[in-house]
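Written below as structure tokens is the structure these notes are about.
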Number of protein chains: 2
Amino acid sequence: MNTLTRLNEPQFSPHTLNKYATLMAAGNGYLGIRACHEEAYTDQTRGMYLAGFYHRASATETTELVNLPDVLQMRIELDGEIFTLLSGSVVDYQRELDFASGELRRCLVWRAPNGKRYQIECLRFLSAVQLSLLCSRIAITPLDDEADVTISTGIDATQTNSGRQHLDETSVRVFEQRYLQGCYRTLDGSNEVVISSFCAVPANASNSFYAKNRRLTQHCSGRVAKGEAFVLVKTSWISSSLDKDYRAERWSERSLDNLMTCIERGYEQLLAESAERWAQMWQRSRVVVESKNPQDQQALDFALYHLFAMTPTHNERCSIAAKGLTGEGYKGHIFWDTEVFLLPFHLMTQPEVARQLLSYRWHNLAGAQAKAQKNGWQGALFPWESAWSGEEETPEFAAINIRTGLRQKVASAAAEHHLVADIAWAVDAYYQATGDENFMQQRGITLLRETARFWISRAVEVDGKLELHDVIGPDEYTEHINNNAYTNYLAFHNVELALRHASQDQDFKRQAEDFLQRLWLPQPDHQQVLEQDDTFFSKPTIDLSRYKTQQGTQAILLDYARAEVNEMQILKQADVVMLAYMLPWLFTPEQLEANLDYYEPRTIHDSSLSKAIHGIVAARCHRLEQAYQFWQQACLIDLGDEPHSCDDGIHAAATGAIWLGAVQGFVGLTVEKGELHLTPRLPQEWRSVSFPFCWQGERLQLTVTHQQITLRKASVRPMTIWIEQERVVITEAEFCTPVTGSGTTKEVSQ
Amino acid sequence: MNTLTRLNEPQFSPHTLNKYATLMAAGNGYLGIRACHEEAYTDQTRGMYLAGFYHRASATETTELVNLPDVLQMRIELDGEIFTLLSGSVVDYQRELDFASGELRRCLVWRAPNGKRYQIECLRFLSAVQLSLLCSRIAITPLDDEADVTISTGIDATQTNSGRQHLDETSVRVFEQRYLQGCYRTLDGSNEVVISSFCAVPANASNSFYAKNRRLTQHCSGRVAKGEAFVLVKTSWISSSLDKDYRAERWSERSLDNLMTCIERGYEQLLAESAERWAQMWQRSRVVVESKNPQDQQALDFALYHLFAMTPTHNERCSIAAKGLTGEGYKGHIFWDTEVFLLPFHLMTQPEVARQLLSYRWHNLAGAQAKAQKNGWQGALFPWESAWSGEEETPEFAAINIRTGLRQKVASAAAEHHLVADIAWAVDAYYQATGDENFMQQRGITLLRETARFWISRAVEVDGKLELHDVIGPDEYTEHINNNAYTNYLAFHNVELALRHASQDQDFKRQAEDFLQRLWLPQPDHQQVLEQDDTFFSKPTIDLSRYKTQQGTQAILLDYARAEVNEMQILKQADVVMLAYMLPWLFTPEQLEANLDYYEPRTIHDSSLSKAIHGIVAARCHRLEQAYQFWQQACLIDLGDEPHSCDDGIHAAATGAIWLGAVQGFVGLTVEKGELHLTPRLPQEWRSVSFPFCWQGERLQLTVTHQQITLRKASVRPMTIWIEQERVVITEAEFCTPVTGSGTTKEVSQ
């Protein structure tokens with residue numbers, strides 16, 4: 001395995017403070033911490049978030065992931081000069097996130113306004129083993145003279161979510177003149193978080209402690225000789241009432257006990273333990289690619305780093321937010337992105353995590369059933385956006401239109417119902433990959449049946465046919481349409497799955513069979529193109545080239561009202577292309593191409609979910625150059641040059657899509673009807689790709705080059721796989737076969 | 001009249017950002033705005049406060065003055081460089097607050113990190129005429145080349161009080177692509193504030209508007225030639241539901257109408273109108289001093305500037321907070337400081353304002369009566385700290401002791417009752433100075449009687465005598481003592497005043513007479529010293545010199561527990577000296593000296609109220625050198641070099657005390673038994689002092705030198721005044737008399 005890459009920040013710039021705070025964020029699925037500098041900058045949004053720790057600040061606000069008190073900030077004075085990289089000059093600067101260990105390192109030489117130089121090294125990591133544990137270390141070495149160093153740091157509860165405060169400070173303490181502790185409760189009284197911190201400081205340093213205005217602060221001062229380091233190691237333990245082992249009694253004492261136990265082990269030891277866990281995760285899932293473009297490997301490592309960082313594996317009441325735990329975009333809410341873009345990765349690398357993500361939905365069935373009932377339907381209508389309770393969290397109205405003063409109703413919660421079928425699709429994917437009957441009996445079948453019952457009740461009869469009216473597909477530029485191809489086919493798939501697993505319920509069986517028989521499924525036209533909805537072909541087109549060059553910015557909405565966009569063939573992302581990704585067997589190779597060719601020119605790709613999916617479908621069409629371009633562009637959604645695209649958090653789904661593009665697109669590893677299919681279509685730029693995956697309880701390692709496919713298994717248990725349309729039964733531990741060439745490049749002019 | 005001074009900030013320093021944000025704050029009694037820079041700094045606390053606009057963020061918090069959305073901040077990019085004085089270099093820097101007009105001016109030349117120089121001039125003022133009006137103007141002139149300028153500014157509601165959020169954003173709008181408006185409501189729904197802003201920008205600039213995350217922002221970009229100025233004038237109108245003319249209906253439209261009307265007049269015209277109002281205020285009250293030390297005049301101008309800025313004259317439901325409207329210290333609460341330290345200035349310059357300050361108490365009588373009743377007493381027990389409602393706002397418990405985890409009960413609200421008598425004292429002072437029978441009949445007598453009833457009910461009988469047990473005098477280092485000299489004498493004075501004005505109530509009369517007859521009034525010992533309370537003389541003394549050198553820092557509490565301090569002869573401020581200031585006729589000259597000599601060495605002066613009062617009493621002892629030292633030190637409480645002493649707001653009472661020191665101390669202008677007394681005792685450093693004042697409806701101008709007293713009257717109505725122990729009746733418009741010398745300097749060794 002080649003060495004894990006690192007993410008480097010090329011230089012300090014006040015313009016990209018938030019971009020790198022996001023890209024280099026720490027996370028262990030339990031906690032997420034933005035990679036903010038120790039020293040504060042007015043333009044940098046500091047943030048620490050606990051998975052599932054949501055609160056609603058007031059009746060007019062939306063439930064959101066709470067920005068917790070800050071423990072990383074340090075106010076540093078060096079010989080009386082306040083350390084900030086805005087002043088003086090930055091003589092040397094390196095910052096890197098080490099994907100191998102999750103450690104963030106910054107090393108710099110700062111020349112203060114008074115001319116003196118100081119070397120400052122900052123290290124930190126969030127433990128992958130003890131999820132509540134955050135360690136940081138700062139070493140300051142004066143290079144020109146001895147120096148007075150003062151560091152003020154503590155627990156700062158003045159943090160807000162853009163001015164919205166969620167926490168009451170219930171207690172701030174200093175124990176034994178060493179340990180800081182702050183206890184906070186959400187304003188509604190429902191949850192609490194306890195933060196304990198300890199700073200190991202030089203023996204000759206003087207310390208004092210203050211608590212005021214929601215800040216508990218330790219001031220540490222000392223003198224250090226030229227060339228020697230003033231080292232402060234800060235260890236923090238962050239836990240909450242959401243923890244499984246939570247008990248209100250003695251919770252704060254236990255936080256302190258845990259902290260003390262960690263401190264004894266020291267930064268290096270704790271880091272080594274955490275790095276060991278990271279190594280296991282990489283071992284289990286890393287995609288290694290030999291590419292002409294080294295950024296391809298980096299993009300894959302970046303994606304997987306964040307896939308680990310964002311995924312709460314400790315509690316099945318949590319799921320993955322649209323921005324992971326890296327920022328406040330989308331208020332930390334959970335969307336269909338999780339099932340469709342993120343679950344496949346986990347399914348192939350840690351199926352138990354996929355099971356857990358589905359369990360999140362199962363726990364929230366009651367809310368989904370209530371939402372269906374409230375709207376006059378049956379079964380389970382999962383919320384478009386959900387948080388802890390599983391209730392609908394989509395704001396009823398969009399932000400006020402500052403020109404008209406009007407608030408528009410948000411349509412997603414009312415009509416973007418495809419996520420119900422997406423969840424069923426993911427249940428099926430899980431079952432196919434694991435054969436986990438236990439899960440199906442306890443949770444899966446219920447999910448399938450309740451989602452199916454929703455569709456059955458939602459259909460309306462038109463001339464004896466059943467239709468799905470007034471929906472929004474994944475393409476949010478086309479709202480309130482009838483018989484959206486994506487939605488109808490996925491709903492059909494949903495009911496079909498439920499029927500397969502729940503056929504003993506006669507009443508349901510009868511209803512399901514009737515639904516499947518009568519549901520209108522849009523058919524390809526004479527050009528083999530599937531109409532996105534009943535009226536799509538009748539709408540006018542416009543030249544989108546201007547908007548395509550500004551992809552992701554929704555610039556079209558500056559020129560056209562949403563209602564106008566709705567009445568043209570303008571797509572945010574292409575539903576039929578998405579459908580082809582989800583249910584590939586519906587499309588003949590010709591249909592696949594025809595639909596890609598029809599819809600792509602009409603698609604702005606304003607959704608971050610669009611490019612990677614187009615890349616996969618292009619790969620399936622054997623258009624490798626186009627596919628690779630799409631994939632590369634998808635890799636740049638966060639990693640690209642745009643300085644503000646991920647200010648409020650990474651595009652979580654896009655990281656999943658980077659993996660999907662490689663595995664499902666270029667390697668062509670997919671599942672159909674319970675069987676594994678492998679159709680490699682490596683881009684020319686790639687010499688090989690190799691990754692581990694799980695299938696039906698077996699751990700495998702697949703390596704693909706342009707010439708050969710190698711599959712290593714842990715056992716000699718026979719397994720079936722379709723390789724390039726040919727069914728193969730593999731019994732050996734290592735299986736090799738040449739690539740036959742059905743993956744030949746095939747490009748069309750754009 | 002010599003020219004009004006200006007307050008200059010000598011240089012830009014990141015260490016004194018909050019000191020100068022306080023010292024140079026704008027205020028018109030309705031609004032107060034900290035003098036924060038346009039560009040934000042992490043260490044600078046931005047703040048805008050509306051008099052009386054309080055809210056309590058949660059059940060565990062205290063009611064506090066709300067930090068309103070920010071309108072002054074500007075994010076400035078010059079040729080792509082973010083403007084901050086931390087980066088690049090400051091070639092030239094001047095900032096001054098012009099006391100004559102209230103205008104704050106900053107002019108600087110900044111060399112950006114890319115080497116280019118820009119001249120930036122920032123002006124702003126809060127109108128003294130239209131209290132809701134805030135104007136600011138920024139002019140950016142590139143000195144080396146043409147330049148791209150981008151300014152982003154708007155209405156920023158991410159502001160909090162140290163993380164506590166009080167406001168819901170109810171609406172953000174942009175009208176006619178020009179006018180910004182944000183409407184906010186307190187979380188408890190009880191009050192609203194509307195902010196409207198308009199930016200006049202260069203004709204060729206491009207503009208765009210955004211609203212997100214509680215920020216409504218206008219981005220303005222343009223190109224400007226070398227040597228030419230890019231000018232943006234921002235006009236804002238801030239109004240609230242506390243306004244007298246408030247009606248919920250069309251309130252936001254009226255805000256906009258008012259803004260538009262102002263905009264038409266333009267910055268210069270609006271400033272001229274406001275400056276004219278300032279000129280009237282200075283005319284009516286300025287103290288002009290010819291001193292060897294020019295900082296004396298500056299201190300007086302500074303004090304009076306803030307006395308205007310802090311005093312709400314628009315609404316008698318408002319009073320003056322301990323930090324005025326300049327910061328969040330003491331949560332914006334109102335203390336006894338108002339009546340004792342601030343009211344005398346207003347009484348002598350604008351008696352109608354003094355009347356209004358007393359009316360604030362009268363409106364809040366119900367709360368004071370309820371508090372008395374709740375504690376088993378009668379009459380009115382005014383809250384130690386009050387806000388809008390007049391209820392007790394002192395937190396029940398002090399901040400948590402971070403070492404023990406315990407919260408101590410705050411004793412002030414339970415026992416620091418002298419403020420009840422202080423209010424009565426102020427009612428009497430008002431009546432003596434104005435003879436306002438109307439006020440007395442409608443409000444004053446009720447205040448006197450209800451406060452007196454409190455004392456009568458509070459006294460306990462001991463061996464036939466009445467005593468006042470378990471009180472705290474102004475000296476907060478001595479708690480829960482019996483028969484505090486200050487409290488007993490002031491309570492006696494209170495009941496005496498009530499009896500004088502309310503003798504027709506026979507029941508009350510009987511009770512009052514009994515109280516006056518039997519109340520124990522501590523008597524001077526054989527050294528002529530009045531014991532501060534029943535046990536004071538029995539307590540040990542310690543050497544306080546260490547703590548005296550750190551006055552104002554409460555350093556003693558780092559070495560001793562509060563309970564230990566309580567059991568020693570250690571004073572925060574000296575109650576008996578304070579008593580001598582309040583009721584001077586109680587002391588013979590010998591007693592005055594004896595008490596000053598006894599108590600001063602035992603006083604740390606940790607209270608900002610201490611020094612100036614000692615100065616006045618020293619002057620009355622004819623110890624002019626000592627008095628002048630005390631006064632100079634009192635002038636430095638905010639203006640001194642200590643970089644953080646006024647970070648959370650000015651010491652409002654201390655500004656009143658600067659005036660008191662000059663007028664009551666050095667000029668010796670006091671009122672006793674309804675008559676004016678004048679006993680000049682100018683310090684050697686002063687050649688003359690001259691100021692206007694009001695007395696019984698007459699406006700006078702008094703000028704005092706070491707040789708002569710000159711009194712100018714507006715009328716020839718005869719008036720009586722005691723000059724240096726001699727009763728004089730003045731009929732002429734200008735009266736001169738030599739200083740006889742009873743003010744001879746008399747120093748004792750310290």
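In the structure tokens, the first chain shown is A, the next is B, and so on; residue numbers restart at 1 for each chain, and ligands run from 1 in the order shown.
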Which of stretch 219-292 of chain A DSSP labels strand (DSSP E or B), written as a ChimeraX atom specification = /A:219-224,230-240,288-291
Keeping only N, CA and C atoms, take the residues you just selected and write them out as a compact mmCIF listing (two decimals), in the first residue's frame.
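Writing done, so here's out-v5.txt:
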```txt
# COMPACT_ATOMS: atom_id res chain seq x y z
N HIS A 219 -4.76 31.43 32.67
CA HIS A 219 -3.66 32.24 32.15
C HIS A 219 -2.37 31.59 32.60
N CYS A 220 -1.52 31.30 31.66
CA CYS A 220 -0.27 30.63 31.97
C CYS A 220 0.88 31.49 31.43
N SER A 221 1.80 31.86 32.30
CA SER A 221 2.90 32.74 31.88
C SER A 221 4.23 32.15 32.29
N GLY A 222 5.21 32.36 31.45
CA GLY A 222 6.54 31.90 31.82
C GLY A 222 7.60 32.51 30.93
N ARG A 223 8.82 32.31 31.32
CA ARG A 223 9.95 32.83 30.56
C ARG A 223 10.66 31.63 29.96
N VAL A 224 11.12 31.76 28.73
CA VAL A 224 11.77 30.64 28.08
C VAL A 224 13.03 31.14 27.39
N PHE A 230 8.67 26.50 24.90
CA PHE A 230 7.63 26.62 25.92
C PHE A 230 6.49 25.74 25.43
N VAL A 231 6.23 24.66 26.15
CA VAL A 231 5.28 23.66 25.65
C VAL A 231 4.04 23.60 26.55
N LEU A 232 2.90 23.69 25.92
CA LEU A 232 1.63 23.53 26.64
C LEU A 232 0.85 22.41 25.95
N VAL A 233 0.48 21.40 26.74
CA VAL A 233 -0.32 20.31 26.19
C VAL A 233 -1.69 20.38 26.83
N LYS A 234 -2.69 20.53 26.01
CA LYS A 234 -4.06 20.67 26.53
C LYS A 234 -4.86 19.43 26.16
N THR A 235 -5.43 18.81 27.16
CA THR A 235 -6.21 17.61 26.95
C THR A 235 -7.64 17.90 27.39
N SER A 236 -8.60 17.55 26.56
CA SER A 236 -9.99 17.86 26.88
C SER A 236 -10.86 16.63 26.70
N TRP A 237 -11.88 16.55 27.52
CA TRP A 237 -12.83 15.44 27.47
C TRP A 237 -14.22 16.06 27.31
N ILE A 238 -14.88 15.68 26.23
CA ILE A 238 -16.18 16.29 25.91
C ILE A 238 -17.22 15.18 25.86
N SER A 239 -18.20 15.23 26.74
CA SER A 239 -19.21 14.19 26.74
C SER A 239 -20.59 14.81 26.94
N SER A 240 -21.62 14.05 26.63
CA SER A 240 -22.96 14.63 26.69
C SER A 240 -23.99 13.64 27.17
N VAL A 288 -6.54 2.47 -3.27
CA VAL A 288 -5.22 2.90 -3.73
C VAL A 288 -5.24 2.94 -5.24
N VAL A 289 -4.84 4.08 -5.76
CA VAL A 289 -4.89 4.24 -7.20
C VAL A 289 -3.52 4.67 -7.71
N GLU A 290 -3.10 4.05 -8.79
CA GLU A 290 -1.89 4.53 -9.47
C GLU A 290 -2.37 5.37 -10.64
N SER A 291 -2.17 6.67 -10.51
CA SER A 291 -2.71 7.58 -11.51
C SER A 291 -1.62 8.52 -11.97
```
Applying 10 Å and only C-alpha atoms, which residues near stretch 725-736 of chain A remain after dropping the ones on its own chain fewer than 4 positions away? List them as a CSV table (one decimal) with N, CA, C and O atoms, in the first residue's frame.
```csv
chain,number,residue,atom,x,y,z
A,675,GLU,N,-26.4,-10.3,-6.9
A,675,GLU,CA,-25.1,-10.8,-7.4
A,675,GLU,C,-24.2,-9.6,-7.7
A,675,GLU,O,-24.6,-8.6,-8.1
A,676,LEU,N,-22.9,-10.0,-7.5
A,676,LEU,CA,-21.9,-9.0,-7.7
A,676,LEU,C,-21.5,-8.9,-9.2
A,676,LEU,O,-21.3,-10.0,-9.8
A,677,HIS,N,-21.4,-7.7,-9.7
A,677,HIS,CA,-21.0,-7.5,-11.1
A,677,HIS,C,-19.7,-6.7,-11.1
A,677,HIS,O,-19.6,-5.7,-10.4
A,678,LEU,N,-18.8,-7.0,-12.0
A,678,LEU,CA,-17.6,-6.3,-12.1
A,678,LEU,C,-17.3,-6.0,-13.6
A,678,LEU,O,-17.1,-7.0,-14.4
A,679,THR,N,-17.2,-4.8,-14.0
A,679,THR,CA,-17.0,-4.4,-15.3
A,679,THR,C,-16.0,-3.3,-15.3
A,679,THR,O,-16.4,-2.1,-15.4
A,700,LEU,N,-12.7,-9.0,0.9
A,700,LEU,CA,-12.0,-9.3,-0.3
A,700,LEU,C,-11.1,-8.1,-0.6
A,700,LEU,O,-11.3,-7.0,-0.1
A,701,GLN,N,-10.1,-8.3,-1.5
A,701,GLN,CA,-9.3,-7.2,-2.0
A,701,GLN,C,-9.3,-7.3,-3.5
A,701,GLN,O,-8.9,-8.3,-4.0
A,702,LEU,N,-9.7,-6.3,-4.1
A,702,LEU,CA,-9.8,-6.3,-5.6
A,702,LEU,C,-8.8,-5.3,-6.1
A,702,LEU,O,-8.6,-4.2,-5.7
A,703,THR,N,-8.0,-5.8,-7.1
A,703,THR,CA,-7.0,-5.0,-7.8
A,703,THR,C,-7.3,-5.1,-9.3
A,703,THR,O,-7.5,-6.2,-9.8
A,704,VAL,N,-7.4,-3.9,-9.9
A,704,VAL,CA,-7.8,-3.9,-11.3
A,704,VAL,C,-6.7,-3.0,-12.0
A,704,VAL,O,-6.4,-1.9,-11.6
A,708,GLN,N,-5.6,-6.7,-16.1
A,708,GLN,CA,-5.9,-7.8,-15.3
A,708,GLN,C,-6.7,-7.4,-14.1
A,708,GLN,O,-6.6,-6.3,-13.5
A,709,ILE,N,-7.5,-8.4,-13.7
A,709,ILE,CA,-8.3,-8.3,-12.5
A,709,ILE,C,-7.8,-9.3,-11.5
A,709,ILE,O,-7.6,-10.5,-11.8
A,710,THR,N,-7.5,-8.8,-10.2
A,710,THR,CA,-7.1,-9.8,-9.2
A,710,THR,C,-8.0,-9.6,-8.0
A,710,THR,O,-8.2,-8.5,-7.5
A,711,LEU,N,-8.5,-10.8,-7.6
A,711,LEU,CA,-9.4,-10.8,-6.4
A,711,LEU,C,-8.8,-11.7,-5.3
A,711,LEU,O,-8.6,-12.9,-5.6
A,712,ARG,N,-8.5,-11.1,-4.2
A,712,ARG,CA,-8.0,-11.9,-3.1
A,712,ARG,C,-9.1,-12.1,-2.0
A,712,ARG,O,-9.8,-11.1,-1.7
A,713,LYS,N,-9.3,-13.3,-1.6
A,713,LYS,CA,-10.3,-13.5,-0.5
A,713,LYS,C,-9.6,-14.0,0.7
A,713,LYS,O,-8.6,-14.6,0.7
A,714,ALA,N,-10.3,-13.8,1.8
A,714,ALA,CA,-9.7,-14.3,3.1
A,714,ALA,C,-10.0,-15.8,3.2
A,714,ALA,O,-9.2,-16.5,3.9
A,715,SER,N,-11.0,-16.3,2.6
A,715,SER,CA,-11.3,-17.8,2.7
A,715,SER,C,-11.3,-18.4,1.3
A,715,SER,O,-11.2,-17.8,0.3
A,716,VAL,N,-11.5,-19.7,1.4
A,716,VAL,CA,-11.6,-20.4,0.1
A,716,VAL,C,-13.1,-20.8,-0.2
A,716,VAL,O,-13.4,-21.6,-1.1
A,717,ARG,N,-14.0,-20.2,0.6
A,717,ARG,CA,-15.4,-20.4,0.4
A,717,ARG,C,-15.7,-19.9,-1.1
A,717,ARG,O,-15.3,-18.9,-1.5
A,718,PRO,N,-16.5,-20.7,-1.8
A,718,PRO,CA,-16.7,-20.3,-3.2
A,718,PRO,C,-17.6,-19.1,-3.2
A,718,PRO,O,-18.5,-18.9,-2.4
A,719,MET,N,-17.4,-18.2,-4.2
A,719,MET,CA,-18.2,-17.1,-4.4
A,719,MET,C,-18.5,-16.8,-5.9
A,719,MET,O,-17.6,-17.1,-6.7
A,720,THR,N,-19.7,-16.3,-6.2
A,720,THR,CA,-20.0,-16.1,-7.5
A,720,THR,C,-19.9,-14.6,-7.9
A,720,THR,O,-20.2,-13.7,-7.0
A,721,ILE,N,-19.4,-14.3,-9.0
A,721,ILE,CA,-19.3,-12.9,-9.4
A,721,ILE,C,-19.4,-12.8,-11.0
A,721,ILE,O,-18.9,-13.8,-11.7
A,742,SER,N,-14.2,-5.4,-22.8
A,742,SER,CA,-15.5,-4.9,-23.0
A,742,SER,C,-15.6,-3.5,-22.4
A,742,SER,O,-16.6,-2.8,-22.6
```
task = Please provide the set of residues having any atom within 9 Å of stretch 562-573 of chain A, restricted to only C-alpha atoms, with same-chain residues fewer than 4 positions apart removed, written as a PyMOL selection string.
result = chain A and resi 474-480+536-542+544+552+554+556-557+577-578+599-600+602-611
inquiry  = At a cut-off of 7 Å, which residues of chain A touch chain B? Count only C-alpha atoms and give the answer as a list in words.
reply    = Ala40, Tyr41, Thr42, Leu86, Ser87, Gly88, Ala157, Thr158, Gln159, Thr160, Ser162, Gly163, Arg164, Gln165, Val172, Arg173, Val174, Phe175, Asn213, Arg214, Ile402, Arg403 and Gly405 of chain A
Shell around B:Ala612 at 9 Å using only C-alpha atoms, local window under 2 positions removed, as a PyMOL selection string = chain B and resi 608-610+614-617+627+630-635+654+657-658+660-661+665
task = Write out as a list in words each polymer residue whose atoms come within 9 Å of A:Ser319, counting only C-alpha atoms; drop sequence neighbours fewer than 5 positions from it.
result = Ala51, Gly52, Thr311, Pro312, Thr313, Ile334, Thr338, Gln356, Leu357, Leu358, Tyr360, Arg361, Ala387 and Trp388 of chain A
Kindly save the residues from that selection, with N, CA, C and O atoms included, as a PDB file, in the first residue's frame.
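The result, stored in selection-v3.pdb:
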```
ATOM      1  N   ALA A  51     -22.298  14.801  17.435  1.00  0.00           N
ATOM      2  CA  ALA A  51     -23.312  14.139  16.607  1.00  0.00           C
ATOM      3  C   ALA A  51     -24.610  13.995  17.399  1.00  0.00           C
ATOM      4  O   ALA A  51     -24.595  13.520  18.536  1.00  0.00           O
ATOM      5  N   GLY A  52     -25.696  14.432  16.811  1.00  0.00           N
ATOM      6  CA  GLY A  52     -27.005  14.284  17.437  1.00  0.00           C
ATOM      7  C   GLY A  52     -27.349  15.355  18.446  1.00  0.00           C
ATOM      8  O   GLY A  52     -28.483  15.401  18.935  1.00  0.00           O
ATOM      9  N   THR A 311     -18.967   9.983  10.308  1.00  0.00           N
ATOM     10  CA  THR A 311     -19.958   8.924  10.529  1.00  0.00           C
ATOM     11  C   THR A 311     -20.036   8.500  11.991  1.00  0.00           C
ATOM     12  O   THR A 311     -19.078   7.945  12.545  1.00  0.00           O
ATOM     13  N   PRO A 312     -21.181   8.748  12.619  1.00  0.00           N
ATOM     14  CA  PRO A 312     -21.348   8.349  14.011  1.00  0.00           C
ATOM     15  C   PRO A 312     -21.589   6.838  14.087  1.00  0.00           C
ATOM     16  O   PRO A 312     -22.645   6.364  13.671  1.00  0.00           O
ATOM     17  N   THR A 313     -20.612   6.120  14.579  1.00  0.00           N
ATOM     18  CA  THR A 313     -20.745   4.662  14.657  1.00  0.00           C
ATOM     19  C   THR A 313     -21.030   4.226  16.096  1.00  0.00           C
ATOM     20  O   THR A 313     -21.117   3.047  16.378  1.00  0.00           O
ATOM     21  N   ILE A 334     -30.015  15.831   8.417  1.00  0.00           N
ATOM     22  CA  ILE A 334     -29.763  14.590   7.684  1.00  0.00           C
ATOM     23  C   ILE A 334     -30.750  14.499   6.521  1.00  0.00           C
ATOM     24  O   ILE A 334     -31.954  14.708   6.706  1.00  0.00           O
ATOM     25  N   THR A 338     -27.531  10.581   2.790  1.00  0.00           N
ATOM     26  CA  THR A 338     -26.926   9.536   3.613  1.00  0.00           C
ATOM     27  C   THR A 338     -27.139   8.155   2.992  1.00  0.00           C
ATOM     28  O   THR A 338     -26.190   7.396   2.801  1.00  0.00           O
ATOM     29  N   GLN A 356     -26.444   0.335  10.894  1.00  0.00           N
ATOM     30  CA  GLN A 356     -26.745   1.347  11.893  1.00  0.00           C
ATOM     31  C   GLN A 356     -27.424   2.577  11.282  1.00  0.00           C
ATOM     32  O   GLN A 356     -28.343   3.150  11.857  1.00  0.00           O
ATOM     33  N   LEU A 357     -26.938   2.969  10.106  1.00  0.00           N
ATOM     34  CA  LEU A 357     -27.545   4.128   9.446  1.00  0.00           C
ATOM     35  C   LEU A 357     -29.008   3.847   9.111  1.00  0.00           C
ATOM     36  O   LEU A 357     -29.867   4.727   9.207  1.00  0.00           O
ATOM     37  N   LEU A 358     -29.291   2.595   8.735  1.00  0.00           N
ATOM     38  CA  LEU A 358     -30.683   2.224   8.454  1.00  0.00           C
ATOM     39  C   LEU A 358     -31.485   2.169   9.750  1.00  0.00           C
ATOM     40  O   LEU A 358     -32.673   2.510   9.770  1.00  0.00           O
ATOM     41  N   TYR A 360     -31.138   4.111  12.199  1.00  0.00           N
ATOM     42  CA  TYR A 360     -31.537   5.493  12.497  1.00  0.00           C
ATOM     43  C   TYR A 360     -32.936   5.764  11.951  1.00  0.00           C
ATOM     44  O   TYR A 360     -33.785   6.348  12.616  1.00  0.00           O
ATOM     45  N   ARG A 361     -33.162   5.310  10.715  1.00  0.00           N
ATOM     46  CA  ARG A 361     -34.491   5.518  10.128  1.00  0.00           C
ATOM     47  C   ARG A 361     -35.537   4.668  10.857  1.00  0.00           C
ATOM     48  O   ARG A 361     -36.659   5.112  11.078  1.00  0.00           O
ATOM     49  N   ALA A 387     -33.283  15.465  12.298  1.00  0.00           N
ATOM     50  CA  ALA A 387     -32.216  15.705  13.274  1.00  0.00           C
ATOM     51  C   ALA A 387     -32.244  14.563  14.286  1.00  0.00           C
ATOM     52  O   ALA A 387     -32.105  13.416  13.900  1.00  0.00           O
ATOM     53  N   TRP A 388     -32.491  14.869  15.537  1.00  0.00           N
ATOM     54  CA  TRP A 388     -32.459  13.817  16.550  1.00  0.00           C
ATOM     55  C   TRP A 388     -33.783  13.065  16.654  1.00  0.00           C
ATOM     56  O   TRP A 388     -33.819  11.847  16.738  1.00  0.00           O
TER      57      TRP A 388
END
```
key: Shell around A:Tyr49 at 12 Å using only C-alpha atoms, local window under 5 positions removed, as a PyMOL selection string   = chain A and resi 25-34+54-55+64-71+132+159-161+193+238-240+309-310+312+321+323-328+331-332+649
query = Please, which residues of stretch 540-723 of chain B, numbered as in this document, come out helix (DSSP H, G or I) from DSSP, as JSON, numbers by chain?
reply = {"B": [545, 546, 547, 548, 556, 557, 558, 559, 562, 563, 564, 565, 566, 575, 576, 577, 578, 579, 580, 581, 582, 584, 585, 586, 589, 590, 591, 592, 593, 594, 595, 596, 597, 598, 599, 600, 601, 602, 610, 611, 612, 613, 614, 615, 616, 617, 618, 619, 620, 624, 625, 626, 627, 628, 629, 630, 631, 632, 633, 634, 635, 636, 637, 638, 639, 652, 653, 654, 655, 656, 657, 658, 659, 660, 661, 662, 663, 664, 665, 666]}
